[in-house]
Amino acid sequence: MMSIMKPTRNLLFALCPMLVLGFLYYSSGKLHLHVWGQKPQPEAETVVSVGHVVGSVFDKQGFLMKLDGKLPPELEYKYGNLSEGACKPGYVAAKMTAIYPKFVKPASMFLDQNFKRLKNVNNYLPPFGFKTQENIIEVILSATKDYGLSPELNSLPCRRCVIVGNGGILSNKSLGSRIDEYDIIVRLNEAPVSGFDKDVGSKTTMRITYPEGAIQNPSRYEKDSLFVFSAFKPQDFRWLRQMIFKDNQRGVDGFWKSVAQQVPREPSEMRILNPFFIQEASFRFIGLPHNNGLMGKGNIPTLGAVAITMALHNCDEVAVAGFGYDMSTPHAPLHYYEKVKMSAIKESWTHNISKEKEFLRKLVKAGVITDLTNGILAPPGI
């Protein structure tokens, strides 16, 4: 009996190291092996081969370190066989998932009457959620009654979207006709169209803004566009309620500048942007400080980054124009429609422009979005 057990035991001793090595091999994409004495970096996923570290696969936000933008062969075949110029259904989501595996496409553009079921945002205060504002949101939604795009846009099998930023880089590019070719044209805050249509286009599907950024002159609003409200603080919702019900402003406490006294839109033409996009852009995509889920120094994305995040979830192809602040040229125009210089943005308390640009560079480099003005990847001084 002893002579039989001894070889068996020896065999087990020989197999154990092999089993351990096999486990390490098949788990290499999940494990993090660290050099002795170094602090672990759990945010960055590491590829490990037996005995040594090969290199990080994902950065701290969860994006691939190597951004080649390649799709799985079956999707490359699918999109490669479409006729030239045809809209590519699901293309942005496929590209985004290829470089950010945690991406989940479903996320509604606007709040509707089921907004309390949105688990990602119902536990956050504005701007990252709507906690404490549920009652006033219900009142607003009962007045607007509509919670989506037009029936025509909703019925499109494939939607091309362009986010038109306000950057001075748009000047003298003559991109207006190209911008107007998109199905959904998103504009931000008070950036004007009239008088600048050669460079920025003449059509507007929606204008995303907040109280301090809204157009104050009613005559400057475009016809047939949605007024999309993005809240950054509780009093913003009270302002929207006054705009919808045509109430007089009851003071300006809590606003950092003057706000519009009226919005020339019917309630059915007003929407509330899903605050999930602010949360996702800030904490997941850009990696700004969480600050216990409260608005603080340097943890608010620009409205442009929020609009792009919204488009990643709701459009099949996404382009941007007017993005790419170049901080090395302080005397360049900040916006295409005014003389404020680039240096003014350095005074921003809430934004982190450099980290935000890193996020946008990832999207452009991987081919997730198209930059019509070529400002995001441009080297400093260009």
# chains A, B, ... in the order shown; residues from 1 in each chain; ligands from 1
$ select_by_dssp --residues "region 208-251 of chain A" --states "alpha helix (DSSP H)" --output "list of chain:residue names"
A:Pro234, A:Gln235, A:Asp236, A:Phe237, A:Arg238, A:Trp239, A:Leu240, A:Arg241, A:Gln242, A:Met243, A:Ile244
$ select_by_dssp --residues "region 134-268 of chain A" --states "strand (DSSP E or B)" --output "PyMOL selection string"
chain A and resi 160-164+167+184-188+206-209+226-229
$ write_last_selection --atoms "C-alpha atoms" --output "PDB file, in the first residue's frame"
ATOM      1  CA  ARG A 160     -25.855  61.402 -37.134  1.00  0.00           C
ATOM      2  CA  CYS A 161     -25.209  64.030 -34.482  1.00  0.00           C
ATOM      3  CA  VAL A 162     -22.877  67.019 -34.310  1.00  0.00           C
ATOM      4  CA  ILE A 163     -22.034  68.941 -31.147  1.00  0.00           C
ATOM      5  CA  VAL A 164     -21.174  72.527 -32.081  1.00  0.00           C
ATOM      6  CA  GLY A 167     -14.547  77.803 -29.625  1.00  0.00           C
ATOM      7  CA  ILE A 184     -29.212  66.304 -34.865  1.00  0.00           C
ATOM      8  CA  ILE A 185     -27.377  69.598 -34.365  1.00  0.00           C
ATOM      9  CA  VAL A 186     -26.621  70.458 -30.752  1.00  0.00           C
ATOM     10  CA  ARG A 187     -25.634  73.974 -29.697  1.00  0.00           C
ATOM     11  CA  LEU A 188     -24.535  75.212 -26.290  1.00  0.00           C
ATOM     12  CA  MET A 206     -31.501  71.475 -29.505  1.00  0.00           C
ATOM     13  CA  ARG A 207     -29.752  74.097 -27.435  1.00  0.00           C
ATOM     14  CA  ILE A 208     -28.420  72.827 -24.099  1.00  0.00           C
ATOM     15  CA  THR A 209     -28.005  75.458 -21.410  1.00  0.00           C
ATOM     16  CA  LEU A 226     -35.712  72.282 -28.283  1.00  0.00           C
ATOM     17  CA  PHE A 227     -34.700  74.190 -25.173  1.00  0.00           C
ATOM     18  CA  VAL A 228     -32.745  71.610 -23.175  1.00  0.00           C
ATOM     19  CA  PHE A 229     -32.112  72.490 -19.562  1.00  0.00           C
TER      20      PHE A 229
END
$ residues_around --residues "Gly213 (chain A)" --least-positions-apart "6" --cutoff "9 Å" --atoms "only C-alpha atoms" --output "JSON, numbers by chain"
{"A": [188, 189, 190, 259, 260]}
$ closest_residue --among "A:Met342, A:Ile244, A:Ala98, A:Tyr337" --to "Leu67 (chain A)" --atoms "only C-alpha atoms"
A:Ala98
$ closest_residue --among "A:Asn374, A:Gln133, A:Ser108, A:Ser155" --to "Lys173 (chain A)" --atoms "only C-alpha atoms"
A:Asn374
$ residues_around --residues "Glu356 (chain A)" --least-positions-apart "2" --cutoff "10 Å" --atoms "only C-alpha atoms" --output "compact mmCIF listing (two decimals) with all heavy atoms, in the first residue's frame"
# COMPACT_ATOMS: atom_id res chain seq x y z
N ALA A 281 -19.53 61.88 -17.27
CA ALA A 281 -18.42 62.63 -17.84
C ALA A 281 -17.41 62.99 -16.77
O ALA A 281 -16.19 62.86 -16.97
CB ALA A 281 -18.94 63.89 -18.53
N SER A 282 -17.90 63.42 -15.62
CA SER A 282 -17.01 63.88 -14.56
C SER A 282 -16.24 62.74 -13.90
O SER A 282 -15.01 62.72 -13.90
CB SER A 282 -17.82 64.64 -13.50
OG SER A 282 -16.97 65.09 -12.46
N PHE A 285 -15.45 59.22 -17.14
CA PHE A 285 -14.69 59.47 -18.37
C PHE A 285 -13.48 60.38 -18.16
O PHE A 285 -12.40 60.11 -18.66
CB PHE A 285 -15.60 60.07 -19.44
CG PHE A 285 -16.65 59.13 -19.96
CD1 PHE A 285 -17.72 59.61 -20.70
CD2 PHE A 285 -16.56 57.76 -19.73
CE1 PHE A 285 -18.70 58.75 -21.20
CE2 PHE A 285 -17.53 56.89 -20.23
CZ PHE A 285 -18.59 57.39 -20.96
N ILE A 286 -13.68 61.48 -17.43
CA ILE A 286 -12.60 62.45 -17.26
C ILE A 286 -11.78 62.16 -16.02
O ILE A 286 -10.57 62.39 -15.98
CB ILE A 286 -13.17 63.89 -17.21
CG1 ILE A 286 -14.02 64.17 -18.46
CG2 ILE A 286 -12.04 64.92 -17.10
CD1 ILE A 286 -14.74 65.50 -18.43
N GLY A 287 -12.41 61.64 -14.98
CA GLY A 287 -11.70 61.33 -13.75
C GLY A 287 -11.50 62.53 -12.85
O GLY A 287 -10.45 62.70 -12.23
N LEU A 288 -12.52 63.37 -12.73
CA LEU A 288 -12.46 64.53 -11.85
C LEU A 288 -12.74 64.09 -10.40
O LEU A 288 -13.30 63.03 -10.17
CB LEU A 288 -13.47 65.59 -12.30
CG LEU A 288 -13.27 66.12 -13.73
CD1 LEU A 288 -14.37 67.11 -14.09
CD2 LEU A 288 -11.90 66.76 -13.88
N ILE A 300 -16.40 69.77 -12.23
CA ILE A 300 -17.55 69.93 -13.12
C ILE A 300 -17.07 69.94 -14.56
O ILE A 300 -16.24 70.77 -14.94
CB ILE A 300 -18.32 71.23 -12.82
CG1 ILE A 300 -18.80 71.25 -11.38
CG2 ILE A 300 -19.51 71.37 -13.77
CD1 ILE A 300 -19.74 70.12 -11.03
N PRO A 301 -17.55 69.04 -15.41
CA PRO A 301 -17.17 69.06 -16.83
C PRO A 301 -17.83 70.25 -17.53
O PRO A 301 -18.86 70.76 -17.07
CB PRO A 301 -17.71 67.74 -17.36
CG PRO A 301 -18.86 67.41 -16.45
CD PRO A 301 -18.50 67.97 -15.10
N THR A 302 -17.25 70.69 -18.63
CA THR A 302 -17.89 71.73 -19.42
C THR A 302 -19.16 71.16 -20.05
O THR A 302 -19.31 69.94 -20.19
CB THR A 302 -16.98 72.26 -20.53
OG1 THR A 302 -16.74 71.19 -21.47
CG2 THR A 302 -15.66 72.76 -19.98
N ALA A 305 -18.47 68.81 -22.99
CA ALA A 305 -18.15 67.41 -22.66
C ALA A 305 -19.40 66.65 -22.25
O ALA A 305 -19.55 65.47 -22.56
CB ALA A 305 -17.11 67.36 -21.54
N GLY A 324 -11.39 72.32 -28.51
CA GLY A 324 -9.94 72.31 -28.49
C GLY A 324 -9.35 73.61 -28.03
O GLY A 324 -8.80 74.38 -28.83
N HIS A 351 -13.92 73.93 -13.70
CA HIS A 351 -13.49 73.02 -14.76
C HIS A 351 -12.01 72.66 -14.65
O HIS A 351 -11.20 73.40 -14.11
CB HIS A 351 -13.75 73.64 -16.15
CG HIS A 351 -15.16 74.07 -16.38
ND1 HIS A 351 -16.24 73.25 -16.10
CD2 HIS A 351 -15.68 75.23 -16.86
CE1 HIS A 351 -17.35 73.90 -16.40
NE2 HIS A 351 -17.04 75.09 -16.86
N ASN A 352 -11.68 71.50 -15.20
CA ASN A 352 -10.29 71.09 -15.36
C ASN A 352 -10.09 70.86 -16.85
O ASN A 352 -10.32 69.75 -17.36
CB ASN A 352 -9.99 69.83 -14.55
CG ASN A 352 -8.52 69.46 -14.57
OD1 ASN A 352 -7.83 69.62 -15.57
ND2 ASN A 352 -8.03 68.94 -13.46
N ILE A 353 -9.69 71.90 -17.56
CA ILE A 353 -9.62 71.85 -19.02
C ILE A 353 -8.61 70.83 -19.52
O ILE A 353 -8.84 70.12 -20.50
CB ILE A 353 -9.32 73.25 -19.59
CG1 ILE A 353 -10.44 74.23 -19.21
CG2 ILE A 353 -9.16 73.19 -21.10
CD1 ILE A 353 -11.82 73.83 -19.69
N SER A 354 -7.46 70.73 -18.85
CA SER A 354 -6.43 69.81 -19.32
C SER A 354 -6.89 68.35 -19.22
O SER A 354 -6.68 67.56 -20.15
CB SER A 354 -5.14 70.01 -18.53
OG SER A 354 -5.34 69.78 -17.15
N GLU A 358 -7.79 65.55 -22.32
CA GLU A 358 -7.28 64.18 -22.39
C GLU A 358 -8.40 63.22 -22.79
O GLU A 358 -8.20 62.32 -23.62
CB GLU A 358 -6.71 63.75 -21.04
CG GLU A 358 -5.39 64.40 -20.67
CD GLU A 358 -4.92 63.99 -19.29
OE1 GLU A 358 -5.40 62.93 -18.79
OE2 GLU A 358 -4.10 64.70 -18.69
N PHE A 359 -9.57 63.39 -22.21
CA PHE A 359 -10.72 62.55 -22.53
C PHE A 359 -11.12 62.71 -23.99
O PHE A 359 -11.32 61.73 -24.72
CB PHE A 359 -11.88 62.91 -21.60
CG PHE A 359 -13.24 62.46 -22.07
CD1 PHE A 359 -13.50 61.13 -22.35
CD2 PHE A 359 -14.27 63.38 -22.23
CE1 PHE A 359 -14.76 60.71 -22.78
CE2 PHE A 359 -15.53 62.98 -22.65
CZ PHE A 359 -15.76 61.65 -22.93
N LEU A 360 -11.22 63.95 -24.46
CA LEU A 360 -11.62 64.19 -25.84
C LEU A 360 -10.58 63.65 -26.82
O LEU A 360 -10.92 63.14 -27.89
CB LEU A 360 -11.84 65.68 -26.08
CG LEU A 360 -12.95 66.35 -25.24
CD1 LEU A 360 -13.09 67.81 -25.62
CD2 LEU A 360 -14.28 65.63 -25.40
N ARG A 361 -9.30 63.75 -26.47
CA ARG A 361 -8.25 63.22 -27.32
C ARG A 361 -8.39 61.70 -27.49
O ARG A 361 -8.15 61.16 -28.56
CB ARG A 361 -6.87 63.56 -26.75
CG ARG A 361 -6.48 65.02 -26.93
CD ARG A 361 -5.17 65.34 -26.22
NE ARG A 361 -4.06 64.62 -26.83
CZ ARG A 361 -3.34 65.07 -27.85
NH1 ARG A 361 -3.62 66.26 -28.37
NH2 ARG A 361 -2.35 64.38 -28.34
$ decode --residues "region 166-182 of chain A" --atoms "all heavy atoms" --output "short mmCIF file (atom, residue, chain, number, x, y, z; two decimals), in the first residue's frame"
data_model
loop_
_atom_site.label_atom_id
_atom_site.label_comp_id
_atom_site.auth_asym_id
_atom_site.auth_seq_id
_atom_site.Cartn_x
_atom_site.Cartn_y
_atom_site.Cartn_z
N ASN A 166 -18.31 76.25 -28.85
CA ASN A 166 -18.30 77.71 -29.01
C ASN A 166 -16.91 78.26 -29.28
O ASN A 166 -16.71 79.47 -29.28
CB ASN A 166 -18.87 78.37 -27.74
CG ASN A 166 -20.28 77.90 -27.44
OD1 ASN A 166 -20.94 77.31 -28.29
ND2 ASN A 166 -20.73 78.15 -26.22
N GLY A 167 -15.94 77.38 -29.52
CA GLY A 167 -14.55 77.80 -29.62
C GLY A 167 -14.25 78.73 -30.79
O GLY A 167 -14.86 78.64 -31.87
N GLY A 168 -13.27 79.61 -30.57
CA GLY A 168 -12.84 80.53 -31.62
C GLY A 168 -12.28 79.82 -32.84
O GLY A 168 -12.21 80.41 -33.92
N ILE A 169 -11.92 78.55 -32.67
CA ILE A 169 -11.38 77.78 -33.78
C ILE A 169 -12.38 77.61 -34.92
O ILE A 169 -12.01 77.28 -36.05
CB ILE A 169 -10.91 76.40 -33.28
CG1 ILE A 169 -10.03 75.70 -34.31
CG2 ILE A 169 -12.09 75.53 -32.87
CD1 ILE A 169 -9.40 74.42 -33.80
N LEU A 170 -13.66 77.86 -34.65
CA LEU A 170 -14.70 77.75 -35.69
C LEU A 170 -14.62 78.89 -36.70
O LEU A 170 -15.10 78.75 -37.84
CB LEU A 170 -16.08 77.75 -35.04
CG LEU A 170 -16.72 76.39 -34.74
CD1 LEU A 170 -17.95 76.57 -33.88
CD2 LEU A 170 -17.07 75.66 -36.03
N SER A 171 -14.02 80.00 -36.32
CA SER A 171 -14.01 81.18 -37.19
C SER A 171 -13.27 80.90 -38.50
O SER A 171 -12.20 80.27 -38.51
CB SER A 171 -13.33 82.35 -36.47
OG SER A 171 -14.06 82.71 -35.32
N ASN A 172 -13.90 81.33 -39.59
CA ASN A 172 -13.29 81.27 -40.93
C ASN A 172 -13.01 79.84 -41.41
O ASN A 172 -12.14 79.64 -42.27
CB ASN A 172 -11.98 82.08 -40.95
CG ASN A 172 -12.19 83.53 -40.57
OD1 ASN A 172 -13.14 84.17 -41.02
ND2 ASN A 172 -11.32 84.05 -39.70
N LYS A 173 -13.75 78.88 -40.91
CA LYS A 173 -13.60 77.50 -41.38
C LYS A 173 -14.63 77.14 -42.44
O LYS A 173 -14.52 76.09 -43.09
CB LYS A 173 -13.72 76.53 -40.20
CG LYS A 173 -12.56 76.57 -39.21
CD LYS A 173 -11.27 76.06 -39.83
CE LYS A 173 -10.21 75.79 -38.77
NZ LYS A 173 -9.84 76.99 -37.99
N SER A 174 -15.67 77.96 -42.60
CA SER A 174 -16.72 77.72 -43.61
C SER A 174 -17.32 76.31 -43.49
O SER A 174 -17.54 75.63 -44.50
CB SER A 174 -16.17 77.95 -45.03
OG SER A 174 -15.72 79.27 -45.19
N LEU A 175 -17.60 75.90 -42.27
CA LEU A 175 -18.16 74.56 -42.04
C LEU A 175 -19.68 74.56 -41.94
O LEU A 175 -20.28 73.51 -41.68
CB LEU A 175 -17.57 73.97 -40.75
CG LEU A 175 -16.13 73.47 -40.81
CD1 LEU A 175 -15.63 73.12 -39.41
CD2 LEU A 175 -16.03 72.26 -41.73
N GLY A 176 -20.31 75.71 -42.14
CA GLY A 176 -21.75 75.81 -41.91
C GLY A 176 -22.57 74.80 -42.68
O GLY A 176 -23.43 74.12 -42.11
N SER A 177 -22.34 74.66 -43.99
CA SER A 177 -23.14 73.74 -44.79
C SER A 177 -22.90 72.29 -44.37
O SER A 177 -23.83 71.47 -44.40
CB SER A 177 -22.81 73.92 -46.28
OG SER A 177 -21.42 73.70 -46.52
N ARG A 178 -21.68 71.97 -43.99
CA ARG A 178 -21.39 70.60 -43.54
C ARG A 178 -22.08 70.30 -42.22
O ARG A 178 -22.62 69.22 -42.02
CB ARG A 178 -19.88 70.42 -43.40
CG ARG A 178 -19.47 68.98 -43.12
CD ARG A 178 -17.96 68.82 -43.16
NE ARG A 178 -17.57 67.46 -42.82
CZ ARG A 178 -16.31 67.07 -42.65
NH1 ARG A 178 -15.32 67.95 -42.77
NH2 ARG A 178 -16.04 65.82 -42.34
N ILE A 179 -22.09 71.25 -41.30
CA ILE A 179 -22.76 71.07 -40.01
C ILE A 179 -24.26 70.86 -40.22
O ILE A 179 -24.89 70.01 -39.58
CB ILE A 179 -22.49 72.29 -39.10
CG1 ILE A 179 -21.03 72.25 -38.61
CG2 ILE A 179 -23.46 72.32 -37.92
CD1 ILE A 179 -20.59 73.50 -37.88
N ASP A 180 -24.85 71.62 -41.15
CA ASP A 180 -26.29 71.53 -41.38
C ASP A 180 -26.73 70.20 -42.00
O ASP A 180 -27.92 69.90 -42.05
CB ASP A 180 -26.74 72.68 -42.29
CG ASP A 180 -26.86 74.00 -41.55
OD1 ASP A 180 -26.91 73.98 -40.30
OD2 ASP A 180 -26.88 75.06 -42.22
N GLU A 181 -25.78 69.39 -42.46
CA GLU A 181 -26.12 68.08 -43.04
C GLU A 181 -26.45 67.03 -41.98
O GLU A 181 -27.03 65.99 -42.31
CB GLU A 181 -24.95 67.58 -43.90
CG GLU A 181 -24.74 68.38 -45.18
CD GLU A 181 -23.51 67.92 -45.94
OE1 GLU A 181 -22.77 67.05 -45.41
OE2 GLU A 181 -23.28 68.42 -47.06
N TYR A 182 -26.12 67.28 -40.73
CA TYR A 182 -26.34 66.28 -39.68
C TYR A 182 -27.82 66.22 -39.28
O TYR A 182 -28.56 67.19 -39.43
CB TYR A 182 -25.47 66.58 -38.46
CG TYR A 182 -24.02 66.20 -38.68
CD1 TYR A 182 -23.16 67.03 -39.38
CD2 TYR A 182 -23.52 64.98 -38.22
CE1 TYR A 182 -21.84 66.68 -39.62
CE2 TYR A 182 -22.21 64.62 -38.45
CZ TYR A 182 -21.37 65.47 -39.14
OH TYR A 182 -20.06 65.11 -39.37
#
